[in-house]
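Raw contents of upload.cif, mmCIF, C-alpha atoms:
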```cif
data_data
loop_
_atom_site.label_atom_id
_atom_site.label_comp_id
_atom_site.auth_asym_id
_atom_site.auth_seq_id
_atom_site.Cartn_x
_atom_site.Cartn_y
_atom_site.Cartn_z
CA MET E 17 -11.64 -44.44 -28.62
CA SER E 18 -8.65 -42.57 -30.09
CA PHE E 19 -8.66 -38.99 -31.30
CA ASN E 20 -6.15 -36.57 -32.75
CA LYS E 21 -3.95 -35.18 -29.97
CA ILE E 22 -2.60 -31.82 -31.04
CA THR E 23 -0.44 -31.88 -27.91
CA GLU E 24 1.39 -34.90 -29.34
CA GLN E 25 1.95 -33.54 -32.83
CA SER E 26 5.52 -33.01 -33.97
CA SER E 27 7.12 -29.69 -33.10
CA ASN E 28 7.23 -26.97 -35.73
CA HIS E 29 10.99 -26.77 -35.19
CA ASN E 30 13.63 -29.31 -36.19
CA ASP E 31 17.30 -29.96 -35.37
CA LEU E 32 17.02 -28.21 -32.00
CA GLU E 33 20.31 -29.69 -30.81
CA LYS E 34 22.12 -27.81 -33.59
CA LYS E 35 20.77 -24.37 -32.67
CA SER E 36 22.44 -21.67 -30.59
CA VAL E 37 21.14 -20.47 -27.24
CA ALA E 38 19.89 -17.27 -28.90
CA ASP E 39 18.02 -19.25 -31.56
CA ILE E 40 16.42 -21.59 -29.04
CA ILE E 41 15.09 -18.92 -26.71
CA GLU E 42 13.86 -16.80 -29.63
CA LEU E 43 11.90 -19.77 -30.98
CA ILE E 44 10.47 -20.63 -27.55
CA ASN E 45 9.40 -17.01 -27.12
CA SER E 46 7.77 -16.99 -30.54
CA GLU E 47 5.75 -20.08 -29.62
CA ASP E 48 4.76 -18.67 -26.24
CA LYS E 49 3.24 -15.61 -27.94
CA PHE E 50 0.42 -17.79 -29.25
CA VAL E 51 -0.73 -18.83 -25.79
CA ALA E 52 -2.49 -15.64 -24.69
CA TYR E 53 -4.39 -15.48 -27.99
CA ALA E 54 -5.48 -19.09 -27.58
CA VAL E 55 -6.81 -18.23 -24.12
CA GLU E 56 -8.59 -15.17 -25.51
CA GLU E 57 -10.55 -17.36 -27.90
CA LYS E 58 -12.04 -19.25 -24.94
CA LEU E 59 -12.96 -16.38 -22.62
CA ASP E 60 -16.68 -17.15 -22.94
CA ASP E 61 -16.13 -20.72 -21.73
CA ILE E 62 -13.93 -19.53 -18.88
CA LYS E 63 -16.58 -16.96 -17.92
CA ARG E 64 -19.30 -19.59 -17.81
CA LEU E 65 -17.18 -21.89 -15.66
CA ILE E 66 -16.31 -19.11 -13.19
CA GLU E 67 -19.91 -17.97 -12.88
CA CYS E 68 -21.11 -21.50 -12.15
CA ILE E 69 -18.40 -22.05 -9.53
CA GLU E 70 -19.22 -18.68 -7.95
CA ASN E 71 -22.84 -19.76 -7.55
CA GLN E 72 -21.71 -22.97 -5.86
CA MET E 73 -19.30 -21.15 -3.55
CA LYS E 74 -22.05 -18.81 -2.44
CA LYS E 75 -23.90 -21.93 -1.27
CA GLY E 76 -20.88 -22.84 0.84
CA GLY E 77 -19.14 -24.95 -1.77
CA ARG E 78 -15.43 -25.43 -2.32
CA LEU E 79 -13.32 -25.67 -5.47
CA PHE E 80 -11.12 -28.66 -6.24
CA TYR E 81 -8.44 -28.84 -8.91
CA LEU E 82 -7.59 -32.39 -9.96
CA GLY E 83 -4.65 -33.37 -12.14
CA ALA E 84 -1.56 -35.49 -12.68
CA GLY E 85 2.04 -34.44 -13.29
CA THR E 86 2.50 -30.84 -14.40
CA SER E 87 -1.25 -30.28 -14.52
CA GLY E 88 -1.65 -31.45 -10.94
CA ARG E 89 1.25 -29.32 -9.75
CA LEU E 90 -0.20 -26.22 -11.39
CA GLY E 91 -3.52 -26.82 -9.65
CA ILE E 92 -1.78 -27.18 -6.30
CA LEU E 93 0.23 -24.00 -6.94
CA ASP E 94 -2.87 -21.96 -7.70
CA ALA E 95 -4.82 -23.36 -4.74
CA SER E 96 -1.95 -22.82 -2.32
CA GLU E 97 -1.71 -19.13 -3.20
CA CYS E 98 -5.34 -18.34 -2.28
CA PRO E 99 -5.07 -18.31 1.54
CA PRO E 100 -2.03 -16.00 1.79
CA THR E 101 -3.17 -13.73 -1.03
CA PHE E 102 -6.85 -13.43 -0.18
CA GLY E 103 -7.07 -14.52 3.44
CA VAL E 104 -9.49 -17.36 2.72
CA SER E 105 -9.64 -20.72 4.45
CA GLU E 106 -7.14 -23.33 3.31
CA ASN E 107 -10.14 -25.54 2.57
CA LEU E 108 -11.83 -23.21 0.05
CA VAL E 109 -9.61 -23.98 -2.97
CA ASN E 110 -7.88 -27.36 -3.01
CA GLY E 111 -5.33 -28.94 -5.33
CA ILE E 112 -5.19 -32.72 -5.67
CA ILE E 113 -2.52 -34.57 -7.63
CA ALA E 114 -2.35 -38.20 -8.71
CA GLY E 115 0.12 -39.97 -6.44
CA GLY E 116 -0.46 -37.65 -3.50
CA ASP E 117 1.87 -35.05 -2.03
CA LYS E 118 4.95 -37.11 -2.98
CA ALA E 119 4.09 -36.41 -6.63
CA ILE E 120 4.50 -32.67 -6.18
CA ARG E 121 8.27 -33.02 -6.29
CA LYS E 122 8.82 -36.43 -7.85
CA SER E 123 6.88 -38.31 -10.50
CA GLN E 124 4.92 -41.28 -9.16
CA GLU E 125 4.92 -44.09 -11.69
CA PHE E 126 1.53 -45.04 -13.13
CA ALA E 127 -0.39 -42.94 -10.55
CA GLU E 128 -2.20 -41.17 -13.35
CA ASP E 129 -3.49 -44.47 -14.76
CA SER E 130 -5.82 -45.31 -11.86
CA LEU E 131 -9.55 -45.29 -12.62
CA THR E 132 -10.63 -45.20 -8.97
CA GLN E 133 -8.05 -43.31 -6.91
CA GLY E 134 -9.21 -39.82 -7.87
CA TRP E 135 -12.70 -40.31 -6.44
CA TYR E 136 -11.19 -41.87 -3.34
CA ASP E 137 -8.93 -38.81 -2.96
CA LEU E 138 -11.93 -36.48 -3.20
CA LYS E 139 -13.95 -38.49 -0.70
CA LYS E 140 -11.28 -37.73 1.90
CA PHE E 141 -12.56 -34.15 1.72
CA ASN E 142 -16.20 -35.19 2.11
CA ILE E 143 -16.96 -33.92 -1.39
CA ASN E 144 -20.59 -32.86 -1.82
CA LYS E 145 -23.02 -31.31 -4.30
CA ASN E 146 -22.16 -27.75 -3.30
CA ASP E 147 -18.55 -28.28 -4.42
CA SER E 148 -17.01 -27.85 -7.87
CA VAL E 149 -14.26 -29.93 -9.47
CA ILE E 150 -12.03 -28.90 -12.36
CA GLY E 151 -10.09 -31.67 -14.07
CA ILE E 152 -6.77 -30.44 -15.48
CA ALA E 153 -5.11 -32.51 -18.20
CA ALA E 154 -3.31 -31.11 -21.22
CA SER E 155 -3.98 -34.29 -23.18
CA GLY E 156 -7.58 -34.62 -22.02
CA THR E 157 -7.05 -38.38 -21.67
CA THR E 158 -5.47 -38.88 -18.23
CA PRO E 159 -7.40 -41.83 -16.69
CA TYR E 160 -7.09 -40.51 -13.11
CA VAL E 161 -8.74 -37.24 -14.16
CA VAL E 162 -11.27 -38.48 -16.73
CA SER E 163 -12.66 -41.21 -14.48
CA THR E 164 -12.96 -38.88 -11.49
CA ILE E 165 -14.71 -36.10 -13.41
CA LYS E 166 -17.12 -38.66 -14.84
CA LYS E 167 -17.88 -39.93 -11.33
CA CYS E 168 -18.32 -36.39 -9.98
CA LYS E 169 -20.79 -35.53 -12.71
CA SER E 170 -22.79 -38.68 -12.00
CA GLU E 171 -22.94 -37.62 -8.34
CA GLY E 172 -24.42 -34.23 -9.24
CA ILE E 173 -21.22 -32.27 -8.58
CA LEU E 174 -20.39 -29.33 -10.86
CA THR E 175 -17.57 -30.34 -13.19
CA GLY E 176 -15.29 -28.37 -15.47
CA CYS E 177 -12.05 -29.17 -17.22
CA LEU E 178 -8.97 -27.48 -18.57
CA THR E 179 -7.36 -29.22 -21.51
CA CYS E 180 -5.34 -28.39 -24.61
CA ASN E 181 -6.92 -30.83 -27.06
CA PRO E 182 -10.35 -30.30 -28.62
CA ASN E 183 -13.08 -32.94 -28.23
CA SER E 184 -11.08 -35.00 -25.77
CA PRO E 185 -12.55 -37.73 -23.54
CA LEU E 186 -12.21 -35.32 -20.60
CA SER E 187 -14.21 -32.60 -22.34
CA LYS E 188 -16.94 -35.08 -23.19
CA VAL E 189 -17.49 -36.23 -19.60
CA CYS E 190 -17.48 -32.83 -17.90
CA GLU E 191 -20.20 -30.19 -17.75
CA ILE E 192 -18.17 -27.10 -18.71
CA PRO E 193 -15.06 -27.82 -20.79
CA VAL E 194 -12.39 -25.21 -21.41
CA GLU E 195 -10.16 -26.20 -24.31
CA ILE E 196 -7.11 -24.00 -24.85
CA VAL E 197 -5.57 -25.24 -28.09
CA VAL E 198 -2.01 -23.92 -28.28
CA GLY E 199 -0.71 -26.20 -31.03
CA PRO E 200 2.29 -28.53 -31.00
CA GLU E 201 4.84 -28.03 -28.24
CA PHE E 202 8.32 -26.62 -28.88
CA ILE E 203 9.70 -30.00 -27.85
CA THR E 204 7.28 -32.59 -29.16
CA GLY E 205 4.85 -33.68 -26.45
CA SER E 206 6.41 -31.55 -23.68
CA THR E 207 3.16 -30.13 -22.33
CA ARG E 208 4.89 -28.45 -19.39
CA MET E 209 5.66 -25.71 -21.95
CA LYS E 210 2.88 -23.98 -23.93
CA SER E 211 0.11 -26.14 -22.49
CA GLY E 212 1.39 -25.55 -18.97
CA THR E 213 1.59 -21.82 -19.59
CA ALA E 214 -1.99 -21.81 -20.86
CA GLN E 215 -3.17 -23.74 -17.82
CA LYS E 216 -1.39 -21.32 -15.47
CA ILE E 217 -3.01 -18.33 -17.17
CA VAL E 218 -6.51 -19.80 -16.95
CA LEU E 219 -6.08 -20.94 -13.34
CA ASN E 220 -4.97 -17.41 -12.44
CA MET E 221 -8.14 -16.10 -14.09
CA ILE E 222 -10.39 -18.56 -12.29
CA SER E 223 -9.09 -18.10 -8.75
CA THR E 224 -8.50 -14.35 -8.99
CA THR E 225 -11.92 -13.63 -10.47
CA LEU E 226 -13.62 -15.83 -7.89
CA MET E 227 -11.85 -14.08 -5.03
CA ILE E 228 -12.80 -10.65 -6.39
CA ARG E 229 -16.41 -11.76 -6.80
CA LEU E 230 -16.41 -13.13 -3.25
CA GLY E 231 -15.38 -9.72 -1.93
CA LYS E 232 -11.76 -10.51 -1.11
CA VAL E 233 -10.37 -7.49 -3.01
CA LEU E 234 -11.05 -3.81 -2.32
CA ASP E 235 -10.47 -1.50 -5.31
CA ASN E 236 -7.38 -3.32 -6.64
CA LYS E 237 -5.84 -4.19 -3.29
CA MET E 238 -5.35 -7.49 -1.44
CA VAL E 239 -6.90 -6.19 1.77
CA ASP E 240 -7.32 -9.67 3.27
CA MET E 241 -3.80 -10.95 2.58
CA GLN E 242 -2.00 -12.72 5.39
CA LEU E 243 0.74 -10.54 6.90
CA SER E 244 3.25 -13.36 6.97
CA ASN E 245 6.49 -11.56 6.15
CA ASN E 246 8.08 -8.10 6.23
CA LYS E 247 7.36 -7.41 2.57
CA LEU E 248 3.63 -7.96 3.06
CA VAL E 249 3.57 -5.94 6.28
CA ASP E 250 5.25 -3.08 4.44
CA ARG E 251 2.73 -3.37 1.59
CA ALA E 252 -0.14 -3.31 4.07
CA GLN E 253 1.24 -0.23 5.79
CA LYS E 254 1.48 1.58 2.45
CA MET E 255 -2.14 0.68 1.67
CA LEU E 256 -3.27 2.25 4.93
CA ILE E 257 -1.03 5.28 4.54
CA ASN E 258 -2.40 6.00 1.05
CA LYS E 259 -6.04 5.22 1.86
CA LEU E 260 -6.33 6.86 5.27
CA LYS E 261 -3.71 9.60 4.84
CA ILE E 262 -1.95 8.61 8.04
CA SER E 263 1.67 8.23 9.10
CA LYS E 264 3.66 5.02 8.91
CA LYS E 265 3.69 4.89 12.70
CA GLU E 266 -0.11 5.07 12.80
CA ALA E 267 -0.40 2.45 10.08
CA LYS E 268 1.92 0.12 11.96
CA LYS E 269 -0.13 0.51 15.15
CA LEU E 270 -3.40 -0.16 13.30
CA LEU E 271 -2.04 -3.38 11.84
CA GLU E 272 -0.68 -4.54 15.18
CA VAL E 273 -4.15 -4.17 16.69
CA ASN E 274 -6.34 -5.30 13.78
CA LYS E 275 -4.08 -7.89 12.10
CA SER E 276 -5.29 -7.09 8.55
CA VAL E 277 -5.76 -4.20 6.16
CA ARG E 278 -9.52 -4.72 5.92
CA SER E 279 -10.02 -4.73 9.68
CA SER E 280 -7.76 -1.71 10.02
CA LEU E 281 -9.84 0.21 7.50
CA LYS E 282 -13.07 -0.84 9.16
CA ASN E 283 -11.96 0.06 12.68
CA PHE E 284 -10.08 3.28 11.90
CA LYS E 285 -11.22 6.31 13.82
CA LYS E 286 -9.94 9.80 13.12
#
```

Can I see the file as structure tokens?
Amino acid sequence: MSFNKITEQSSNHNDLEKKSVADIIELINSEDKFVAYAVEEKLDDIKRLIECIENQMKKGGRLFYLGAGTSGRLGILDASECPPTFGVSENLVNGIIAGGDKAIRKSQEFAEDSLTQGWYDLKKFNINKNDSVIGIAASGTTPYVVSTIKKCKSEGILTGCLTCNPNSPLSKVCEIPVEIVVGPEFITGSTRMKSGTAQKIVLNMISTTLMIRLGKVLDNKMVDMQLSNNKLVDRAQKMLINKLKISKKEAKKLLEVNKSVRSSLKNFKK
């Protein structure tokens, strides 16, 4: 069944090849300004999705992002940032892309058209009813995503979606749809632009809010971040210096012993 894809509508701007650099970037910026407002209109849906995923995670569940192309890459990006930022297991938030890891860097022809591969990819993780799956597809029609979300729902797994077309096939098969309608793209059909920006914003909201709710942030600080480079070690030292009113030397020693800001705060003795 066909429906009206706003993401495929003709751009509001014509004769782009005749415009100057200044004109092009001004027009792109003017289009991008609509994205945050489009997200704002759907905060209630995003809230509902986050709250349901939180409930599942507190039962021991994991979160899976599932997408193809740009949508899949954005899911992988968001998932990959959770362990270093919040110190969680690499298995808690997972990004899966049609075509596998090869598709992260290079498009895999027709991978997004499979009606069975997505469920097979999830089964590799021993997907279960405590888990949650968010299908990401700007169009809301990607077969790899739609078929997998439909299968997940039939298996009693919590399903959500992130799309940029209203009333899409993807929205209709999932439990909690989030539809961020940003209008036609600057270049007709190029959903890596406004649609991709909208997806990135919402994914940031989902993962960050979940991590806060799971206790991975103290005040406004990433106290469980992995100390994997000098910049992060320096940031951690400053957190301890400001919180505990100690010297840099003392902060450095605490981190060497405790390996994290949270543990350092917990084990600090005056």

Point (-16.4, -25.1, 1.4) neighbourhood (8 Å, only C-alpha atoms) written as a PyMOL selection string: chain E and resi 73+76-79+107-108+146-147

Nearby residues (only C-alpha atoms) at most 12 Å from Tyr136 of chain E, same-chain spacing under 4 positions excluded, as a compact mmCIF listing (two decimals) with C-alpha atoms, in the frame of the given file:
```
# COMPACT_ATOMS: atom_id res chain seq x y z
CA ILE E 112 -5.19 -32.72 -5.67
CA ALA E 114 -2.35 -38.20 -8.71
CA GLY E 115 0.12 -39.97 -6.44
CA GLY E 116 -0.46 -37.65 -3.50
CA SER E 130 -5.82 -45.31 -11.86
CA LEU E 131 -9.55 -45.29 -12.62
CA THR E 132 -10.63 -45.20 -8.97
CA LYS E 140 -11.28 -37.73 1.90
CA PHE E 141 -12.56 -34.15 1.72
CA ASN E 142 -16.20 -35.19 2.11
CA ILE E 143 -16.96 -33.92 -1.39
CA TYR E 160 -7.09 -40.51 -13.11
CA SER E 163 -12.66 -41.21 -14.48
CA THR E 164 -12.96 -38.88 -11.49
CA LYS E 167 -17.88 -39.93 -11.33
CA CYS E 168 -18.32 -36.39 -9.98
```

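The residues returned by the PyMOL selection byres ((chain E and resi 276) around 9) on the shown structure are Val239, Asp240, Met241, Gln242, Leu243, Ala252, Leu270, Leu271, Glu272, Val273, Asn274, Lys275, Val277, Arg278, Ser279, Ser280 and Leu281 of chain E.
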
Keeping only C-alpha atoms, write the selected residues to a file as an mmCIF file, keeping the file's coordinate frame.
```
data_model
loop_
_atom_site.group_PDB
_atom_site.id
_atom_site.type_symbol
_atom_site.label_atom_id
_atom_site.label_comp_id
_atom_site.auth_asym_id
_atom_site.auth_seq_id
_atom_site.Cartn_x
_atom_site.Cartn_y
_atom_site.Cartn_z
ATOM 1 C CA VAL E 239 -6.900 -6.190 1.770
ATOM 2 C CA ASP E 240 -7.320 -9.670 3.270
ATOM 3 C CA MET E 241 -3.800 -10.950 2.580
ATOM 4 C CA GLN E 242 -2.000 -12.720 5.390
ATOM 5 C CA LEU E 243 0.740 -10.540 6.900
ATOM 6 C CA ALA E 252 -0.140 -3.310 4.070
ATOM 7 C CA LEU E 270 -3.400 -0.160 13.300
ATOM 8 C CA LEU E 271 -2.040 -3.380 11.840
ATOM 9 C CA GLU E 272 -0.680 -4.540 15.180
ATOM 10 C CA VAL E 273 -4.150 -4.170 16.690
ATOM 11 C CA ASN E 274 -6.340 -5.300 13.780
ATOM 12 C CA LYS E 275 -4.080 -7.890 12.100
ATOM 13 C CA VAL E 277 -5.760 -4.200 6.160
ATOM 14 C CA ARG E 278 -9.520 -4.720 5.920
ATOM 15 C CA SER E 279 -10.020 -4.730 9.680
ATOM 16 C CA SER E 280 -7.760 -1.710 10.020
ATOM 17 C CA LEU E 281 -9.840 0.210 7.500
#
```

Could you state which residues are captured by the PyMOL selection byres ((chain E and resi 200-203) around 6) in this file, as a ChimeraX atom specification? /E:22-23,25,27,199,204-206

For a test of reading the model, state the distance in Å between atom CA of Gly176 of chain E and atom CA of Asn20 of chain E, rounded to one decimal.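 Those two atoms sit 21.2 Å apart.
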
So which residues get picked by the PyMOL selection byres ((chain E and resi 58) around 12) here, written as an MDAnalysis selection string? chainID E and resid 51:57 59:65 178:180 182 192:198 214 217:218 221

Go ahead and dump the residues you just picked, C-alpha atoms, as a short mmCIF file (atom, residue, chain, number, x, y, z; two decimals), keeping the file's coordinate frame.
```
data_model
loop_
_atom_site.label_atom_id
_atom_site.label_comp_id
_atom_site.auth_asym_id
_atom_site.auth_seq_id
_atom_site.Cartn_x
_atom_site.Cartn_y
_atom_site.Cartn_z
CA VAL E 51 -0.73 -18.83 -25.79
CA ALA E 52 -2.49 -15.64 -24.69
CA TYR E 53 -4.39 -15.48 -27.99
CA ALA E 54 -5.48 -19.09 -27.58
CA VAL E 55 -6.81 -18.23 -24.12
CA GLU E 56 -8.59 -15.17 -25.51
CA GLU E 57 -10.55 -17.36 -27.90
CA LEU E 59 -12.96 -16.38 -22.62
CA ASP E 60 -16.68 -17.15 -22.94
CA ASP E 61 -16.13 -20.72 -21.73
CA ILE E 62 -13.93 -19.53 -18.88
CA LYS E 63 -16.58 -16.96 -17.92
CA ARG E 64 -19.30 -19.59 -17.81
CA LEU E 65 -17.18 -21.89 -15.66
CA LEU E 178 -8.97 -27.48 -18.57
CA THR E 179 -7.36 -29.22 -21.51
CA CYS E 180 -5.34 -28.39 -24.61
CA PRO E 182 -10.35 -30.30 -28.62
CA ILE E 192 -18.17 -27.10 -18.71
CA PRO E 193 -15.06 -27.82 -20.79
CA VAL E 194 -12.39 -25.21 -21.41
CA GLU E 195 -10.16 -26.20 -24.31
CA ILE E 196 -7.11 -24.00 -24.85
CA VAL E 197 -5.57 -25.24 -28.09
CA VAL E 198 -2.01 -23.92 -28.28
CA ALA E 214 -1.99 -21.81 -20.86
CA ILE E 217 -3.01 -18.33 -17.17
CA VAL E 218 -6.51 -19.80 -16.95
CA MET E 221 -8.14 -16.10 -14.09
#
```

Atom-to-atom span, atom CA of Glu97 of chain E and atom CA of Gly111 of chain E, Å: 10.7 Å

For Leu174 of chain E, the closest of E:Val162, E:Ile152, E:Leu256, E:Cys68 counting only C-alpha atoms is E:Cys68

For each of E:Phe126, E:Cys177, E:Lys145, E:Ile120, take the minimum atom-to-atom distance to Ile222 of chain E, counting all atoms listed in the file, then give the residue where this is smallest. E:Cys177

Considering all atoms listed in the file, return as a ChimeraX atom specification whatever protein or nucleic-acid residues lie within 10 Å of segment 84-91 of chain E, sequence-local ones (same chain, fewer than 6 positions apart) excluded. /E:109-117,119-124,127-129,150-155,158-161,178-179,207-209,211-213,215-216,219-220

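Our summary of the geometry notes that atom CA of Val249 of chain E is positioned 11.3 Å from atom CA of Lys264 of chain E.
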
Min atom-atom distance to Ile165 of chain E from the set E:Ala95, E:Val104, E:Gly83, E:Lys285, counting all atoms listed in the file, belongs to E:Gly83

Measuring atom to atom with all atoms listed in the file, identify which of E:Ile40, E:Lys232, E:Leu82, E:Lys75 is nearest to Gln133 of chain E.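 Once distances to Gln133 of chain E are computed over all atoms listed in the file, the minimum belongs to E:Leu82.
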
Only C-alpha atoms, please: segment 132-205 of chain E from the block, as a short mmCIF file (atom, residue, chain, number, x, y, z; two decimals), in the first residue's frame.
```cif
data_model
loop_
_atom_site.label_atom_id
_atom_site.label_comp_id
_atom_site.auth_asym_id
_atom_site.auth_seq_id
_atom_site.Cartn_x
_atom_site.Cartn_y
_atom_site.Cartn_z
CA THR E 132 14.06 -11.89 6.98
CA GLN E 133 17.63 -10.77 7.67
CA GLY E 134 16.77 -8.27 10.41
CA TRP E 135 15.20 -10.89 12.67
CA TYR E 136 18.12 -13.20 11.97
CA ASP E 137 20.52 -10.40 12.98
CA LEU E 138 18.64 -9.89 16.26
CA LYS E 139 18.57 -13.59 17.04
CA LYS E 140 22.38 -13.54 17.11
CA PHE E 141 21.99 -11.50 20.29
CA ASN E 142 19.50 -13.94 21.82
CA ILE E 143 16.79 -11.28 21.71
CA ASN E 144 14.12 -11.79 24.38
CA LYS E 145 10.98 -10.23 25.86
CA ASN E 146 12.90 -8.03 28.27
CA ASP E 147 14.59 -6.25 25.36
CA SER E 148 13.38 -3.25 23.35
CA VAL E 149 13.86 -2.59 19.63
CA ILE E 150 13.63 0.78 17.88
CA GLY E 151 13.33 0.69 14.10
CA ILE E 152 14.93 3.74 12.48
CA ALA E 153 13.87 4.63 8.93
CA ALA E 154 13.31 8.15 7.64
CA SER E 155 10.94 6.85 4.97
CA GLY E 156 9.13 4.46 7.30
CA THR E 157 9.08 1.88 4.49
CA THR E 158 12.47 0.12 4.64
CA PRO E 159 11.64 -3.62 4.32
CA TYR E 160 14.55 -4.73 6.54
CA VAL E 161 13.24 -2.53 9.36
CA VAL E 162 9.48 -2.88 8.89
CA SER E 163 9.55 -6.68 8.69
CA THR E 164 11.80 -6.99 11.74
CA ILE E 165 9.74 -4.65 13.92
CA LYS E 166 6.61 -6.54 12.92
CA LYS E 167 8.26 -9.82 13.91
CA CYS E 168 9.50 -8.39 17.22
CA LYS E 169 6.04 -7.17 18.12
CA SER E 170 4.55 -10.58 17.35
CA GLU E 171 7.15 -12.11 19.69
CA GLY E 172 6.09 -9.84 22.56
CA ILE E 173 9.14 -7.59 22.38
CA LEU E 174 8.69 -3.86 23.03
CA THR E 175 8.90 -2.00 19.72
CA GLY E 176 9.29 1.66 18.86
CA CYS E 177 10.24 3.49 15.70
CA LEU E 178 11.77 6.73 14.56
CA THR E 179 10.59 7.95 11.19
CA CYS E 180 10.04 11.21 9.33
CA ASN E 181 6.81 10.35 7.51
CA PRO E 182 3.41 10.24 9.22
CA ASN E 183 1.29 7.08 9.10
CA SER E 184 4.02 5.01 7.50
CA PRO E 185 4.04 1.19 7.35
CA LEU E 186 6.71 1.22 10.06
CA SER E 187 4.59 3.32 12.42
CA LYS E 188 1.64 1.00 11.90
CA VAL E 189 3.51 -2.17 12.88
CA CYS E 190 5.29 -0.85 15.97
CA GLU E 191 3.94 -0.24 19.47
CA ILE E 192 5.25 3.29 20.08
CA PRO E 193 5.90 5.32 16.92
CA VAL E 194 7.82 8.58 16.96
CA GLU E 195 7.23 10.56 13.78
CA ILE E 196 9.40 13.65 13.34
CA VAL E 197 8.04 15.37 10.25
CA VAL E 198 10.66 17.85 9.05
CA GLY E 199 9.28 18.46 5.55
CA PRO E 200 11.01 18.08 2.19
CA GLU E 201 14.79 17.81 2.21
CA PHE E 202 17.06 20.60 0.92
CA ILE E 203 18.15 18.22 -1.83
CA THR E 204 15.07 16.24 -2.80
CA GLY E 205 15.03 12.86 -1.04
#
```
